[in-house]
$ cat final-v7.txt   # compact mmCIF, C-alpha atoms and all ligand atoms
# COMPACT_ATOMS: atom_id res chain seq x y z
CA MET A 29 95.46 118.99 38.88
CA PHE A 30 94.89 121.95 41.21
CA ALA A 31 95.53 125.53 40.21
CA PHE A 32 94.12 128.98 40.83
CA HIS A 33 94.12 131.77 38.28
CA SER A 34 92.93 135.21 39.19
CA ALA A 35 91.69 136.94 36.05
CA ALA A 36 90.61 140.32 37.40
CA SER A 37 90.53 142.23 40.66
CA ALA A 38 88.88 145.19 42.35
CA GLY A 39 91.03 146.05 45.36
CA PRO A 40 91.36 142.82 47.36
CA ALA A 41 88.31 141.33 45.55
CA ARG A 42 89.16 139.04 42.66
CA ALA A 43 87.44 136.98 40.00
CA GLY A 44 89.24 133.79 39.11
CA VAL A 45 89.07 130.09 38.41
CA PHE A 46 89.96 127.28 40.82
CA TYR A 47 90.82 124.13 38.85
CA THR A 48 90.15 120.73 40.45
CA PRO A 49 90.25 117.10 39.22
CA HIS A 50 86.45 117.25 38.81
CA GLY A 51 86.38 120.50 36.87
CA PRO A 52 86.85 124.24 37.23
CA VAL A 53 85.11 126.48 39.76
CA GLU A 54 84.67 130.12 38.83
CA THR A 55 85.29 132.25 41.91
CA PRO A 56 83.96 133.86 43.99
CA ALA A 57 81.69 130.86 44.42
CA PHE A 58 79.11 129.68 46.90
CA MET A 59 79.11 125.95 47.76
CA PRO A 60 75.76 124.53 49.00
CA VAL A 61 76.15 122.13 51.91
CA GLY A 62 75.32 118.46 51.48
CA THR A 63 75.69 117.48 55.12
CA GLN A 64 74.57 113.87 54.62
CA ALA A 65 75.83 113.61 51.02
CA THR A 66 72.68 115.39 49.87
CA VAL A 67 71.84 119.08 49.65
CA LYS A 68 68.60 118.73 51.57
CA GLY A 69 65.64 118.28 49.25
CA LEU A 70 67.47 119.05 46.01
CA ASP A 71 68.44 116.67 43.22
CA PRO A 72 72.01 116.99 41.86
CA ASP A 73 70.56 117.86 38.43
CA GLU A 74 68.67 120.78 39.96
CA LEU A 75 71.90 122.02 41.54
CA LYS A 76 73.70 121.78 38.21
CA ALA A 77 70.90 123.68 36.47
CA ALA A 78 71.09 126.35 39.18
CA GLY A 79 74.75 126.93 38.26
CA VAL A 80 76.26 125.26 41.33
CA THR A 81 79.80 124.09 40.56
CA MET A 82 81.10 122.76 43.88
CA LEU A 83 79.48 121.13 46.91
CA LEU A 84 80.46 120.54 50.50
CA ALA A 85 79.88 117.36 52.52
CA ASN A 86 80.57 116.64 56.18
CA ALA A 87 83.15 114.07 57.24
CA TYR A 88 81.74 113.83 60.77
CA HIS A 89 78.23 112.94 59.62
CA LEU A 90 79.31 110.53 56.88
CA HIS A 91 81.79 108.79 59.16
CA LEU A 92 79.00 108.07 61.66
CA ARG A 93 76.40 107.27 59.01
CA PRO A 94 76.61 105.37 56.66
CA GLY A 95 80.38 105.04 57.45
CA ASP A 96 83.20 106.39 55.29
CA ASP A 97 84.13 102.79 54.37
CA VAL A 98 80.63 102.35 52.89
CA VAL A 99 81.12 105.50 50.79
CA ARG A 100 84.59 104.33 49.72
CA ASP A 101 83.22 100.95 48.64
CA ALA A 102 80.49 102.71 46.66
CA GLY A 103 83.21 104.44 44.64
CA GLY A 104 83.59 107.59 46.77
CA LEU A 105 81.26 110.52 47.29
CA HIS A 106 81.07 111.52 43.63
CA ALA A 107 79.66 108.12 42.63
CA PHE A 108 77.66 107.60 45.83
CA MET A 109 75.71 110.87 45.60
CA ARG A 110 75.80 111.16 41.82
CA TRP A 111 77.61 114.51 41.72
CA ASP A 112 80.42 114.60 39.18
CA GLY A 113 81.57 118.14 39.98
CA PRO A 114 84.12 119.17 42.62
CA ILE A 115 83.40 118.34 46.27
CA LEU A 116 84.98 119.63 49.48
CA THR A 117 84.73 117.81 52.80
CA ASP A 118 85.13 119.56 56.11
CA SER A 119 87.07 117.69 58.75
CA GLY A 120 84.41 117.26 61.41
CA GLY A 121 86.18 119.63 63.79
CA PHE A 122 83.17 121.90 63.92
CA GLN A 123 80.60 119.11 64.42
CA VAL A 124 82.62 117.40 67.13
CA PHE A 125 82.34 120.60 69.13
CA SER A 126 78.79 121.55 68.20
CA LEU A 127 77.00 118.18 68.00
CA ALA A 128 78.84 115.56 70.01
CA LYS A 129 77.14 114.77 73.30
CA LEU A 130 80.42 115.03 75.13
CA CYS A 131 83.90 115.66 73.89
CA THR A 132 87.35 115.66 75.42
CA VAL A 133 90.21 117.41 73.70
CA ALA A 134 93.72 116.14 74.19
CA GLU A 135 96.90 116.68 72.21
CA GLU A 136 96.41 113.32 70.52
CA GLY A 137 92.91 114.15 69.29
CA VAL A 138 89.29 114.36 70.41
CA GLU A 139 87.24 111.67 72.07
CA PHE A 140 83.50 112.20 71.74
CA ARG A 141 80.14 110.51 72.03
CA SER A 142 78.19 110.22 68.81
CA HIS A 143 75.09 112.45 68.64
CA ILE A 144 73.34 109.55 66.88
CA ASP A 145 73.84 106.54 69.13
CA GLY A 146 76.00 107.76 72.00
CA SER A 147 78.89 105.45 71.03
CA THR A 148 82.38 106.63 71.90
CA ARG A 149 84.53 107.68 68.94
CA ARG A 150 87.89 109.24 68.48
CA PHE A 151 89.06 111.71 65.89
CA THR A 152 92.75 112.36 65.46
CA PRO A 153 94.43 114.32 62.66
CA GLU A 154 95.49 110.98 61.20
CA SER A 155 92.09 109.26 61.42
CA VAL A 156 90.37 112.29 59.88
CA MET A 157 92.75 112.19 56.92
CA ARG A 158 91.84 108.52 56.40
CA ILE A 159 88.11 109.31 56.65
CA GLU A 160 88.40 112.15 54.14
CA ARG A 161 90.47 109.91 51.89
CA ASN A 162 87.71 107.29 51.94
CA LEU A 163 85.08 109.91 51.14
CA GLY A 164 87.21 110.97 48.19
CA ALA A 165 86.44 114.70 47.90
CA ASP A 166 88.66 116.96 45.76
CA VAL A 167 89.45 119.34 48.61
CA ILE A 168 89.77 118.11 52.18
CA MET A 169 90.07 120.28 55.26
CA GLN A 170 92.55 119.73 58.07
CA PHE A 171 91.28 118.58 61.48
CA ASP A 172 91.19 121.66 63.70
CA HIS A 173 90.32 122.66 67.24
CA VAL A 174 87.17 124.78 67.04
CA ILE A 175 86.21 127.02 69.98
CA PRO A 176 83.39 129.54 70.61
CA GLY A 177 83.68 132.81 68.67
CA GLN A 178 84.19 135.15 71.60
CA SER A 179 86.90 133.19 73.39
CA ASP A 180 89.64 135.21 75.09
CA ASN A 181 93.16 135.53 73.72
CA ALA A 182 94.71 132.75 75.82
CA THR A 183 91.99 130.21 74.93
CA SER A 184 92.14 131.19 71.27
CA ARG A 185 95.93 130.93 71.23
CA ASP A 186 95.84 127.48 72.78
CA ALA A 187 93.31 126.22 70.19
CA SER A 188 95.03 127.94 67.27
CA GLU A 189 98.44 126.51 68.16
CA ARG A 190 96.94 123.04 68.63
CA SER A 191 95.33 123.36 65.19
CA LEU A 192 98.78 124.16 63.76
CA ARG A 193 100.31 121.08 65.38
CA TRP A 194 97.41 119.00 64.10
CA LEU A 195 97.96 120.49 60.63
CA ALA A 196 101.54 119.17 60.63
CA ARG A 197 100.20 115.70 61.49
CA CYS A 198 97.44 115.95 58.86
CA ARG A 199 100.01 116.89 56.24
CA GLN A 200 102.20 113.92 57.11
CA GLU A 201 99.35 111.40 57.03
CA HIS A 202 97.94 112.96 53.85
CA ALA A 203 101.36 112.58 52.16
CA ARG A 204 101.63 108.96 53.34
CA LEU A 205 98.17 108.09 51.95
CA ALA A 206 98.96 109.85 48.68
CA GLN A 207 102.08 107.76 48.32
CA ASP A 208 100.11 104.54 48.90
CA ASP A 209 97.58 105.40 46.21
CA PRO A 210 98.82 108.16 43.89
CA ALA A 211 95.76 107.85 41.62
CA VAL A 212 93.54 109.71 44.12
CA LYS A 213 94.17 113.45 43.88
CA GLN A 214 93.14 115.48 46.89
CA ALA A 215 94.19 118.95 47.98
CA LEU A 216 94.55 119.42 51.73
CA PHE A 217 93.60 122.93 52.88
CA PRO A 218 94.93 124.27 56.18
CA ILE A 219 92.58 126.35 58.35
CA VAL A 220 93.59 129.72 59.76
CA GLN A 221 92.19 130.03 63.28
CA GLY A 222 92.82 132.63 65.98
CA GLY A 223 89.35 133.71 67.13
CA ILE A 224 88.74 137.45 67.02
CA HIS A 225 92.34 138.37 67.86
CA GLN A 226 94.36 140.18 65.22
CA ASP A 227 97.74 139.02 66.51
CA LEU A 228 96.67 135.37 66.56
CA ARG A 229 95.08 135.50 63.11
CA ARG A 230 98.23 137.08 61.67
CA GLU A 231 100.48 134.52 63.37
CA ALA A 232 98.30 131.61 62.26
CA ALA A 233 98.17 132.83 58.65
CA ARG A 234 101.95 133.14 58.55
CA ALA A 235 102.52 129.80 60.27
CA VAL A 236 100.33 127.83 57.86
CA THR A 237 101.88 129.63 54.88
CA ASP A 238 105.37 128.71 56.09
CA MET A 239 104.39 125.09 56.68
CA GLY A 240 103.70 124.02 53.11
CA ASP A 241 102.86 124.80 49.51
CA TRP A 242 99.07 124.58 49.86
CA HIS A 243 96.57 124.74 47.02
CA GLY A 244 94.28 126.96 49.07
CA PHE A 245 93.48 128.17 52.58
CA GLY A 246 90.50 127.88 54.90
CA ILE A 247 89.54 130.70 57.23
CA GLY A 248 87.77 129.08 60.17
CA GLY A 249 86.21 130.00 63.47
CA LEU A 250 84.18 132.94 62.16
CA SER A 251 80.42 133.47 62.07
CA VAL A 252 80.22 131.53 65.33
CA GLY A 253 78.72 134.19 67.57
CA GLU A 254 81.18 137.10 67.26
CA GLU A 255 80.07 140.60 66.19
CA LYS A 256 80.08 141.25 62.46
CA PRO A 257 82.68 144.06 62.51
CA ALA A 258 85.05 141.63 64.28
CA MET A 259 84.49 139.03 61.55
CA TYR A 260 85.21 141.55 58.76
CA GLU A 261 88.31 142.80 60.59
CA MET A 262 89.66 139.24 60.92
CA ILE A 263 89.11 138.60 57.20
CA GLU A 264 91.11 141.74 56.40
CA VAL A 265 93.99 140.71 58.67
CA VAL A 266 94.11 137.22 57.15
CA ASP A 267 93.79 138.58 53.60
CA GLU A 268 96.93 140.63 54.08
CA ALA A 269 98.89 137.75 55.58
CA LEU A 270 98.03 134.96 53.10
CA PRO A 271 99.61 134.54 49.64
CA ARG A 272 97.34 136.13 47.05
CA ASP A 273 97.84 133.50 44.36
CA ARG A 274 95.78 130.82 46.18
CA PRO A 275 92.05 130.59 46.84
CA ARG A 276 90.72 131.53 50.28
CA TYR A 277 87.68 129.73 51.64
CA LEU A 278 85.66 131.37 54.41
CA MET A 279 84.03 128.50 56.27
CA GLY A 280 80.36 128.53 57.24
CA VAL A 281 79.48 131.99 55.94
CA GLY A 282 76.61 132.31 53.48
CA PHE A 283 74.22 135.19 54.11
CA PRO A 284 74.06 137.57 51.14
CA ALA A 285 75.45 140.66 52.88
CA ASP A 286 78.29 138.67 54.45
CA LEU A 287 79.21 137.16 51.08
CA ILE A 288 79.60 140.58 49.49
CA GLU A 289 81.51 141.97 52.48
CA ALA A 290 83.89 139.01 52.35
CA VAL A 291 84.34 139.07 48.56
CA ARG A 292 85.26 142.73 48.97
CA ARG A 293 87.98 141.58 51.36
CA GLY A 294 89.48 138.92 49.10
CA VAL A 295 87.53 135.72 49.85
CA ASP A 296 86.92 133.27 46.96
CA LEU A 297 84.89 130.34 48.35
CA PHE A 298 81.99 130.07 50.77
CA ASP A 299 79.68 127.44 52.20
CA CYS A 300 76.67 127.64 54.47
CA VAL A 301 73.52 125.69 55.28
CA ALA A 302 71.55 128.97 55.24
CA PRO A 303 69.82 128.73 51.82
CA THR A 304 68.38 125.28 52.44
CA ARG A 305 67.77 125.63 56.17
CA MET A 306 65.96 128.92 55.67
CA GLY A 307 64.13 127.49 52.68
CA ARG A 308 62.82 124.63 54.81
CA ASN A 309 61.67 127.16 57.39
CA GLY A 310 59.76 129.22 54.84
CA THR A 311 62.20 132.11 54.39
CA ALA A 312 63.38 133.29 50.98
CA PHE A 313 66.25 135.61 50.09
CA VAL A 314 65.10 138.48 47.87
CA PRO A 315 66.98 141.60 46.69
CA ASP A 316 65.35 143.68 49.45
CA GLY A 317 66.17 141.21 52.21
CA ARG A 318 63.88 138.32 53.07
CA ILE A 319 60.35 137.13 52.73
CA ASN A 320 58.68 134.74 55.12
CA VAL A 321 56.17 132.94 52.93
CA ARG A 322 53.99 131.97 55.88
CA ASN A 323 53.10 135.64 56.25
CA ALA A 324 49.32 136.17 56.03
CA GLU A 325 49.88 139.17 53.74
CA LEU A 326 50.87 136.79 50.95
CA LYS A 327 47.58 134.89 51.00
CA ALA A 328 46.38 136.36 47.69
CA ASP A 329 49.71 137.70 46.40
CA ASN A 330 50.04 136.29 42.90
CA ARG A 331 53.45 137.82 42.15
CA PRO A 332 56.53 135.62 42.07
CA LEU A 333 58.80 135.57 45.14
CA ASP A 334 61.44 137.62 43.33
CA GLU A 335 60.53 139.24 40.03
CA SER A 336 64.16 139.47 38.98
CA CYS A 337 64.84 135.74 39.53
CA ALA A 338 64.85 133.20 36.68
CA CYS A 339 64.75 130.11 38.91
CA PRO A 340 62.14 127.34 38.41
CA THR A 341 60.31 128.53 41.54
CA CYS A 342 59.99 132.19 40.58
CA THR A 343 59.17 131.56 36.92
CA ARG A 344 56.30 129.18 37.72
CA PHE A 345 54.80 129.73 41.16
CA SER A 346 53.21 132.61 43.06
CA ARG A 347 53.78 133.77 46.60
CA ALA A 348 50.18 132.79 47.36
CA TYR A 349 50.83 129.23 46.18
CA LEU A 350 54.08 128.95 48.14
CA ARG A 351 52.33 130.23 51.25
CA HIS A 352 49.61 127.65 50.72
CA LEU A 353 52.19 124.84 50.44
CA PHE A 354 53.77 125.87 53.74
CA THR A 355 50.51 126.32 55.63
CA ALA A 356 49.28 122.94 54.31
CA ASP A 357 52.65 121.41 55.27
CA GLU A 358 53.29 120.13 51.75
CA MET A 359 56.85 118.92 51.04
CA LEU A 360 57.07 120.79 47.73
CA GLY A 361 57.14 124.11 49.62
CA PRO A 362 60.50 123.61 51.39
CA ARG A 363 61.96 122.22 48.15
CA LEU A 364 60.90 125.19 46.04
CA LEU A 365 62.19 127.73 48.56
CA SER A 366 65.51 125.90 48.99
CA LEU A 367 65.91 125.85 45.23
CA HIS A 368 65.23 129.58 44.96
CA ASN A 369 67.65 130.41 47.80
CA VAL A 370 70.45 128.40 46.18
CA HIS A 371 69.75 130.15 42.86
CA PHE A 372 69.82 133.50 44.65
CA LEU A 373 73.30 132.97 46.14
CA VAL A 374 74.72 131.47 42.95
CA ARG A 375 73.46 134.48 41.00
CA LEU A 376 74.84 136.87 43.63
CA MET A 377 78.31 135.36 43.22
CA ARG A 378 77.98 135.35 39.42
CA THR A 379 77.18 139.06 39.50
CA ALA A 380 80.14 139.66 41.80
CA ARG A 381 82.44 137.90 39.30
CA GLU A 382 81.03 139.80 36.33
CA THR A 383 81.29 143.18 38.01
CA ILE A 384 84.84 142.49 39.21
CA ARG A 385 85.73 141.63 35.62
CA ASP A 386 84.10 144.66 34.05
CA GLY A 387 85.32 147.11 36.68
CA THR A 388 81.94 147.92 38.25
CA PHE A 389 82.17 145.86 41.46
CA ASP A 390 82.50 148.85 43.81
CA ALA A 391 79.48 150.62 42.30
CA TRP A 392 77.43 147.41 42.20
CA SER A 393 78.19 146.45 45.83
CA ARG A 394 77.48 150.02 47.00
CA ASP A 395 74.09 149.99 45.27
CA TRP A 396 73.37 146.50 46.58
CA PHE A 397 73.95 147.56 50.18
CA GLN A 398 71.96 150.74 49.73
CA ARG A 399 68.92 148.72 48.66
CA HIS A 400 69.53 145.98 51.22
CA ASN A 401 69.96 148.36 54.16
CA ALA A 402 66.90 150.40 53.22
CA ALA A 403 64.63 147.36 53.63
CA PRO A 404 63.05 147.14 57.10
CA SER A 405 63.67 143.40 57.37
CA ASN A 406 67.44 143.99 57.39
CA SER A 407 67.59 146.32 60.35
CA ARG A 408 67.95 143.33 62.67
CA THR A 409 71.40 142.09 63.60
CA GLY A 410 72.65 138.66 64.45
CA ILE A 411 71.24 136.93 61.39
CA ASN A 412 74.07 134.42 61.46
CA ALA A 413 72.71 132.96 64.62
CA GLN A 414 70.14 131.10 62.56
ZN ZN B 501 63.77 132.37 42.35
$ encode --input "final-v7.txt" --output "structure tokens"
Amino acid sequence: MFAFHSAASAGPARAGVFYTPHGPVETPAFMPVGTQATVKGLDPDELKAAGVTMLLANAYHLHLRPGDDVVRDAGGLHAFMRWDGPILTDSGGFQVFSLAKLCTVAEEGVEFRSHIDGSTRRFTPESVMRIERNLGADVIMQFDHVIPGQSDNATSRDASERSLRWLARCRQEHARLAQDDPAVKQALFPIVQGGIHQDLRREAARAVTDMGDWHGFGIGGLSVGEEKPAMYEMIEVVDEALPRDRPRYLMGVGFPADLIEAVRRGVDLFDCVAPTRMGRNGTAFVPDGRINVRNAELKADNRPLDESCACPTCTRFSRAYLRHLFTADEMLGPRLLSLHNVHFLVRLMRTARETIRDGTFDAWSRDWFQRHNAAPSNSRTGINAQ
């Protein structure tokens, strides 16, 4: 049901295929985020046409609304949202810490107040496995203890070790549920935590590897406020410590430069809300960096957003028209930009795969960064903060 085959490599970078019950995913791959069982503004057919193979949905959000039991009774996420390709659900660990009005962490689990109605809820490793079972994704993430990116060593160790203990409980409950209903095939991914501390990352990677025969690994707790060099360093440490014959999923990272830096360091799967969130805000990824379509300079610019892009936005509409849609607050604008941004990241990962296969990845990524870094819009740092 689940397998990973690496077909070619360029140093730690590899091009492969991750097989799931709902089809294969060519890696490296970018997964758009469907927080509420919808990639904001985009129809599943549009995602398919863009070359998207796998989506992410959020257990926290779908548990609160409409309820994971509602999704289960609708036939699971694939049927509910009409997406027949692979889906991954995150465990809600991140949202509990970022969205909940108040949360208390104990060894048993987390008690929090819903950001929607203020009701008190509890997530434990066991309850999260049941929620993710009800949602029915192909890949489900363990429940983990997420902390701010720049936490000190002691705080990071405490959270990382708790995440390991919660992983053991997730694995047990996951096995019990699988025994009850063997027809549902789900792969549980552990998450390597450890903040920005090399020793903790190495320990966590070894500990999760020793704990089970996993189909893949999550790398969590990055792109949450730490400096970029620290993020890249942590990916390198984890890359060396994890088995190379399984896919590695870097959670929550999705800006173009970060994708290439991480692919270079051995990462296979990514997710991020960036393409749709930025699209809604009027920002488009282009080979030279970004364009804000609200910019007055585009008022009479009849060129496409990105001349090299074959997406339905760039092949049909001008920058002037897109700017007009945003200034007139028309809903088509955010949709068209989101669609382009998803196309952009899918194409970026396709090119990464092709160049890894034909032996030109190093030259391609070097050229890409040269062009990217030369553009004035990329001189800013901290883009992940968006
Ligand atoms: Zn485009």
$ residues_near_ligand --input "final-v7.txt" --ligand "ligand ZN 501 (chain B)" --cutoff "9 Å" --atoms "only C-alpha atoms and all ligand atoms" --output "list in words"
Ala312, Phe313, Val314, Pro332, Leu333, Asp334, Glu335, Ser336, Cys337, Ala338, Cys339, Pro340, Thr341, Cys342, Thr343, Leu364, Leu365, Leu367, His368, Asn369, Val370, His371 and Phe372 of chain A
$ atom_distance --input "final-v7.txt" --atom1 "CA of Asn162 (chain A)" --atom2 "CA of Asp96 (chain A)"
5.7 Å
$ atom_distance --input "final-v7.txt" --atom1 "CA of Leu70 (chain A)" --atom2 "CA of Asp166 (chain A)"
21.3 Å
$ residues_around --input "final-v7.txt" --residues "Pro176 (chain A)" --least-positions-apart "6" --cutoff "8 Å" --atoms "all atoms listed in the file" --output "ChimeraX atom specification"
/A:249,252-253
$ residues_around --input "final-v7.txt" --residues "region 352-362 of chain A" --least-positions-apart "3" --cutoff "8 Å" --atoms "all atoms listed in the file" --output "JSON, numbers by chain"
{"A": [69, 307, 308, 309, 310, 321, 322, 327, 348, 349, 365, 366]}
$ write_last_selection --input "final-v7.txt" --atoms "C-alpha atoms" --output "PDB file, keeping the file's coordinate frame"
ATOM      1  CA  GLY A  69      65.640 118.280  49.250  1.00  0.00           C
ATOM      2  CA  GLY A 307      64.130 127.490  52.680  1.00  0.00           C
ATOM      3  CA  ARG A 308      62.820 124.630  54.810  1.00  0.00           C
ATOM      4  CA  ASN A 309      61.670 127.160  57.390  1.00  0.00           C
ATOM      5  CA  GLY A 310      59.760 129.220  54.840  1.00  0.00           C
ATOM      6  CA  VAL A 321      56.170 132.940  52.930  1.00  0.00           C
ATOM      7  CA  ARG A 322      53.990 131.970  55.880  1.00  0.00           C
ATOM      8  CA  LYS A 327      47.580 134.890  51.000  1.00  0.00           C
ATOM      9  CA  ALA A 348      50.180 132.790  47.360  1.00  0.00           C
ATOM     10  CA  TYR A 349      50.830 129.230  46.180  1.00  0.00           C
ATOM     11  CA  LEU A 365      62.190 127.730  48.560  1.00  0.00           C
ATOM     12  CA  SER A 366      65.510 125.900  48.990  1.00  0.00           C
TER      13      SER A 366
END
$ closest_residue --input "final-v7.txt" --among "A:Glu261, A:Asp296, A:Asp395, A:Glu255" --to "Pro275 (chain A)" --atoms "only C-alpha atoms"
A:Asp296
$ atom_distance --input "final-v7.txt" --atom1 "CA of Gly104 (chain A)" --atom2 "CA of His91 (chain A)"
12.6 Å
$ closest_residue --input "final-v7.txt" --among "A:Pro210, A:Gly280, A:Pro94, A:Gly222" --to "Gln64 (chain A)" --atoms "all atoms listed in the file"
A:Pro94
$ closest_residue --input "final-v7.txt" --among "A:Ser179, A:Gln170, A:Thr63, A:Thr237" --to "Arg197 (chain A)" --atoms "all atoms listed in the file"
A:Gln170
$ residues_near_point --input "final-v7.txt" --point "(81.0, 104.8, 63.6)" --cutoff "8 Å" --atoms "all atoms listed in the file" --output "PDB file with C-alpha atoms, keeping the file's coordinate frame"
ATOM      1  CA  HIS A  91      81.790 108.790  59.160  1.00  0.00           C
ATOM      2  CA  LEU A  92      79.000 108.070  61.660  1.00  0.00           C
ATOM      3  CA  ARG A  93      76.400 107.270  59.010  1.00  0.00           C
ATOM      4  CA  GLY A  95      80.380 105.040  57.450  1.00  0.00           C
ATOM      5  CA  SER A 147      78.890 105.450  71.030  1.00  0.00           C
ATOM      6  CA  ARG A 149      84.530 107.680  68.940  1.00  0.00           C
TER       7      ARG A 149
END
$ residues_near_point --input "final-v7.txt" --point "(90.6, 119.9, 64.0)" --cutoff "8 Å" --atoms "all atoms listed in the file" --output "number ranges by chain"
A: 119-122, 152-153, 170-174, 191, 194
$ residues_around --input "final-v7.txt" --residues "region 129-138 of chain A" --least-positions-apart "4" --cutoff "6 Å" --atoms "all atoms listed in the file" --output "list in words"
His143, Arg150, Phe151 and Thr152 of chain A
$ closest_residue --input "final-v7.txt" --among "A:Leu287, A:Ile168, A:Leu83, A:Val61" --to "Pro303 (chain A)" --atoms "all atoms listed in the file"
A:Val61
$ axis_aligned_box --input "final-v7.txt" --around "region 289-293 of chain A" --padding-each-side "5 Å" --output "lines of an AutoDock Vina configuration file"
center_x = 84.7
center_y = 140.9
center_z = 50.5
size_x = 16.5
size_y = 13.7
size_z = 13.9
$ closest_residue --input "final-v7.txt" --among "A:Gly79, A:Gly248, A:Pro72, A:Pro56" --to "Ala41 (chain A)" --atoms "all atoms listed in the file"
A:Pro56
$ residues_around --input "final-v7.txt" --residues "Ala285 (chain A)" --least-positions-apart "2" --cutoff "9 Å" --atoms "all atoms listed in the file" --output "list of chain:residue names"
A:Gly282, A:Phe283, A:Leu287, A:Ile288, A:Glu289, A:Ala290, A:Trp396, A:Phe397, A:His400
$ residues_around --input "final-v7.txt" --residues "region 66-68 of chain A" --least-positions-apart "5" --cutoff "8 Å" --atoms "all atoms listed in the file" --output "list in words"
Pro60, Val61, Ala85, Met109 and Thr304 of chain A
$ closest_residue --input "final-v7.txt" --among "A:Ile224, A:Ala35, A:Leu127, A:Leu105" --to "Gly164 (chain A)" --atoms "all atoms listed in the file"
A:Leu105
$ decode --input "final-v7.txt" --residues "region 94-108 of chain A" --atoms "N, CA and C atoms" --output "PDB file, in the first residue's frame"
ATOM      1  N   PRO A  94     -16.720  20.650  10.428  1.00  0.00           N
ATOM      2  CA  PRO A  94     -18.082  20.300  10.850  1.00  0.00           C
ATOM      3  C   PRO A  94     -18.111  19.204  11.922  1.00  0.00           C
ATOM      4  N   GLY A  95     -16.960  18.677  12.332  1.00  0.00           N
ATOM      5  CA  GLY A  95     -16.889  17.511  13.233  1.00  0.00           C
ATOM      6  C   GLY A  95     -16.365  16.328  12.432  1.00  0.00           C
ATOM      7  N   ASP A  96     -15.363  15.629  12.978  1.00  0.00           N
ATOM      8  CA  ASP A  96     -14.774  14.513  12.226  1.00  0.00           C
ATOM      9  C   ASP A  96     -15.777  13.373  12.030  1.00  0.00           C
ATOM     10  N   ASP A  97     -16.790  13.294  12.938  1.00  0.00           N
ATOM     11  CA  ASP A  97     -17.815  12.260  12.760  1.00  0.00           C
ATOM     12  C   ASP A  97     -18.692  12.563  11.536  1.00  0.00           C
ATOM     13  N   VAL A  98     -18.912  13.872  11.289  1.00  0.00           N
ATOM     14  CA  VAL A  98     -19.681  14.267  10.097  1.00  0.00           C
ATOM     15  C   VAL A  98     -18.926  13.858   8.836  1.00  0.00           C
ATOM     16  N   VAL A  99     -17.613  14.090   8.842  1.00  0.00           N
ATOM     17  CA  VAL A  99     -16.786  13.736   7.673  1.00  0.00           C
ATOM     18  C   VAL A  99     -16.765  12.212   7.495  1.00  0.00           C
ATOM     19  N   ARG A 100     -16.631  11.496   8.610  1.00  0.00           N
ATOM     20  CA  ARG A 100     -16.643  10.027   8.544  1.00  0.00           C
ATOM     21  C   ARG A 100     -17.947   9.529   7.921  1.00  0.00           C
ATOM     22  N   ASP A 101     -19.075  10.096   8.397  1.00  0.00           N
ATOM     23  CA  ASP A 101     -20.377   9.641   7.901  1.00  0.00           C
ATOM     24  C   ASP A 101     -20.624  10.023   6.441  1.00  0.00           C
ATOM     25  N   ALA A 102     -19.859  11.016   5.973  1.00  0.00           N
ATOM     26  CA  ALA A 102     -19.970  11.409   4.554  1.00  0.00           C
ATOM     27  C   ALA A 102     -19.086  10.530   3.673  1.00  0.00           C
ATOM     28  N   GLY A 103     -18.383   9.581   4.299  1.00  0.00           N
ATOM     29  CA  GLY A 103     -17.520   8.683   3.525  1.00  0.00           C
ATOM     30  C   GLY A 103     -16.046   9.031   3.615  1.00  0.00           C
ATOM     31  N   GLY A 104     -15.693   9.928   4.560  1.00  0.00           N
ATOM     32  CA  GLY A 104     -14.291  10.332   4.708  1.00  0.00           C
ATOM     33  C   GLY A 104     -13.982  11.549   3.855  1.00  0.00           C
ATOM     34  N   LEU A 105     -12.808  12.115   4.077  1.00  0.00           N
ATOM     35  CA  LEU A 105     -12.422  13.354   3.392  1.00  0.00           C
ATOM     36  C   LEU A 105     -12.438  13.254   1.876  1.00  0.00           C
ATOM     37  N   HIS A 106     -11.976  12.102   1.340  1.00  0.00           N
ATOM     38  CA  HIS A 106     -11.902  11.988  -0.117  1.00  0.00           C
ATOM     39  C   HIS A 106     -13.283  12.195  -0.751  1.00  0.00           C
ATOM     40  N   ALA A 107     -14.303  11.540  -0.160  1.00  0.00           N
ATOM     41  CA  ALA A 107     -15.657  11.668  -0.698  1.00  0.00           C
ATOM     42  C   ALA A 107     -16.244  13.037  -0.367  1.00  0.00           C
ATOM     43  N   PHE A 108     -16.016  13.486   0.869  1.00  0.00           N
ATOM     44  CA  PHE A 108     -16.616  14.737   1.349  1.00  0.00           C
ATOM     45  C   PHE A 108     -16.175  15.923   0.496  1.00  0.00           C
TER      46      PHE A 108
END
